[in-house]
Structures are given as structure tokens and as C-alpha cells.
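Enquirer: Quick one: the structure is below, and I'll ask about it shortly.
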Amino acid sequence: MGIWNFLWKSNSLLSWIIDIILIFLIIKFIIFPGAGLILGTSMPFVIVESGSMHHEGSFDNWFELHGQWYLDNNITKNEIKEYWPYTNGMNKGDIITVKGSKEYKKGQVIVFKAQGKSTPVIHRIIYVGEEDGETFYATKGDHNDGQLIQELKVEKDQIIGKAIGKIPALGWIKLIFVGVTK
């Protein structure tokens with residue numbers, strides 16, 4: 001009973017430090033792996049670290065600024081608005097819940113490992129193709145004016161999973177601590 005009182009009722013600096021360490025350990029070694037097992041991915045939660053999926057204001061405002069690229073690539077405003085998830089984008093600091101899948105579709109937001117990048121990329125599938133019997137995907141960040149070379153041909157084994165939910169802004173806690181604020 002003494003340890004319980006120390007951890008949860010004491011207001012001492014030492015009890016706060018131990019509480020923070022315990023919370024970290026529980027998240028890192030129980031919650032994160034458990035969620036990964038349930039969601040079928042090695043990274044069940046990912047923090048958006050850039051503005052590549054950001055939308056300015058409403059969907060219509062975003063499309064006015066970035067829509068021409070999609071129209072030039074035979075993707076209509078109606079297709080995006082009606083069938084694509086996260087039509088209001090994702091902001092830096094959002095935490096994305098990721099689920100592994102056997103199949104990915106045009107319009108879905110995926111998380112993938114890109115060559116030359118130390119952190120995973122969170123972008124939207126804009127094309128699904130096949131070459132030599134293997135499916136590949138082309139992606140694009142909603143806010144980007146074009147595609148990165150690494151996203152012209154994303155292979156299935158590079159994909160960590162697809163976005164199935166987001167928690168706005170909570171990831172800023174980590175971004176501030178690791179210095180990713182720009």
C-alpha cells in the first residue's frame with residue numbers, strides 16, 4: 001500500500017519523476033507493441049512531422065490552391081471530395097493511427113519507408129499500378145506542388161500501413177522535445 005500512495009498520492013518531485021518514467025515504460029513496452037499487434041503494423045502511431053499534408057482552410061480553398069495538379073492527372077475534385085478520406089488534410093503535430101493492410105487503394109493516406117529518409121513518409125496514394133505482376137503505388141503530399149522522386153514508385157514492402165484515424169495536435173508534445181518545430 002505504501003508504494004501505491006507514493007506513486008499516486010504523493011506530490012513529491014521524486015514521485016512525479018517515477019510516475020513519468022513508469023508512464024513512458026508502459027506506453028513504450030505495453031501499449032505501443034499491443035496496438036501494433038492488434039493493428040497489424042510495426043508502427044501503430046505516427047506523428048505528422050511536416051506540412052506536406054496540410055490544407056489551407058476549407059476543402060474548396062485547398063483545391064483552389066492545389067487542384068490543378070490533380071486535374072492535370074485526371075483526378076477530379078468530386079472524386080477527391082466524395083471518396084478520399086481526410087479531405088481536410090493532416091497538420092504537423094497530428095498523431096496518425098496506422099493499420100496494416102493487404103490491399104491499398106487510390107485516395108488512402110499511407111505511411112511508408114522512403115529511400116534516403118530517416119522517418120516514414122505520410123502521403124496519399126494517387127495511382128495504383130502493376131509492373132511485372134507486382135503492384136506499386138504512386139503517392140503525393142496534399143500540400144506539395146508535385147511528387148518526390150521516392151514516391152513515384154512505392155513498393156508494397158515499403159508500406160507500413162494506412163491511416164485509419166488521427167488525433168489532432170497531440171504529437172506536438174514529442175515534436176517540441178525532439179526539436180522538430182519548424
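By convention here, the chains of the C-alpha cells are called A, B, ... in the order presented, each chain's residues are numbered starting at 1, and ligands are numbered starting at 1 in the order presented.
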Can you tell me which residues surround Asp145 of chain A at a distance of at most 8 Å, considering only C-alpha atoms, apart from same-chain residues fewer than 2 positions away, and format the answer as a VMD selection string?
Expert: chain A and resid 66 69 143 147
Enquirer: Taking 2 positions as the minimum chain separation for residues in the same chain, which residues sit within 9 Å of Val121 of chain A when counting only C-alpha atoms? Answer as a count of residues only.
Expert: 9
Enquirer: Which residues in chain A does DSSP call strand (DSSP E)? List them as a PyMOL selection string.
Expert: chain A and resi 45-47+95-99+109-112+121-131+134-140+154-155+159-167
Enquirer: When you look at segment 34-45 of chain A with a cut-off of 7 Å (counting only C-alpha atoms), what residues show up, excluding the ones that are within fewer than 3 positions of it in the same chain? I need them as a VMD selection string.
Expert: chain A and resid 30 to 31 95 to 100 160 to 161
Enquirer: What does the file look like for those residues with C-alpha atoms, as a PDB file, in the first residue's frame?
Expert:
```pdb
ATOM      1  CA  ILE A  30       2.945  -2.437 -23.431  1.00  0.00           C
ATOM      2  CA  ILE A  31       0.592  -0.034 -25.251  1.00  0.00           C
ATOM      3  CA  ILE A  95      -0.908  11.652 -34.402  1.00  0.00           C
ATOM      4  CA  ILE A  96      -1.995   9.186 -37.064  1.00  0.00           C
ATOM      5  CA  THR A  97      -3.300   5.735 -36.158  1.00  0.00           C
ATOM      6  CA  VAL A  98      -1.933   3.253 -38.704  1.00  0.00           C
ATOM      7  CA  LYS A  99      -3.306  -0.164 -39.678  1.00  0.00           C
ATOM      8  CA  GLY A 100      -1.533  -2.748 -41.792  1.00  0.00           C
ATOM      9  CA  ILE A 160       3.892   0.415 -43.003  1.00  0.00           C
ATOM     10  CA  GLY A 161       0.112   0.825 -43.210  1.00  0.00           C
TER      11      GLY A 161
END
```
Enquirer: With distances taken over only C-alpha atoms, which residue among A:Phe63, A:Trp8, A:Phe177, A:Trp172 lies nearest Asn91 of chain A?
Expert: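 Among A:Phe63, A:Trp8, A:Phe177, A:Trp172, it is A:Trp172 that comes nearest to Asn91 of chain A.
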Enquirer: Ile149 of chain A: which residues within 12 Å, counting only C-alpha atoms, same-chain residues fewer than 6 positions away excluded, as a count of residues only?
Expert: 7
Enquirer: Name all residues at most 10 Å from Gly57 of chain A (count only C-alpha atoms; drop same-chain ones fewer than 3 positions away) and give them as an MDAnalysis selection string.
Expert: chainID A and resid 54 60:62 88:89
Enquirer: For N, CA and C atoms, I'd like the residues from the last selection saved as a tab-separated table (two decimals), in the first residue's frame.
Expert:
```tsv
chain	number	residue	atom	x	y	z
A	54	HIS	N	-0.91	19.32	-45.20
A	54	HIS	CA	-1.68	20.44	-44.67
A	54	HIS	C	-2.64	21.00	-45.72
A	60	ASP	N	-12.49	23.53	-50.33
A	60	ASP	CA	-12.55	24.35	-51.55
A	60	ASP	C	-11.35	25.28	-51.66
A	61	ASN	N	-10.94	25.88	-50.54
A	61	ASN	CA	-9.74	26.74	-50.55
A	61	ASN	C	-8.50	25.92	-50.94
A	62	TRP	N	-8.37	24.73	-50.35
A	62	TRP	CA	-7.24	23.87	-50.67
A	62	TRP	C	-7.24	23.51	-52.14
A	88	ASN	N	-9.77	17.04	-45.42
A	88	ASN	CA	-9.32	18.29	-44.77
A	88	ASN	C	-7.85	18.20	-44.38
A	89	GLY	N	-7.16	17.19	-44.87
A	89	GLY	CA	-5.72	17.07	-44.67
A	89	GLY	C	-5.33	16.64	-43.27
```
Enquirer: Determine the nearest neighbour of Leu152 of chain A from the options A:Pro33, A:Asp132, A:Ala169, A:Ile125, counting only C-alpha atoms.
Expert: A:Ile125
Enquirer: What does the distance between atom CA of Phe59 of chain A and atom CA of Lys105 of chain A come to in Å, to one decimal place?
Expert: 20.9 Å
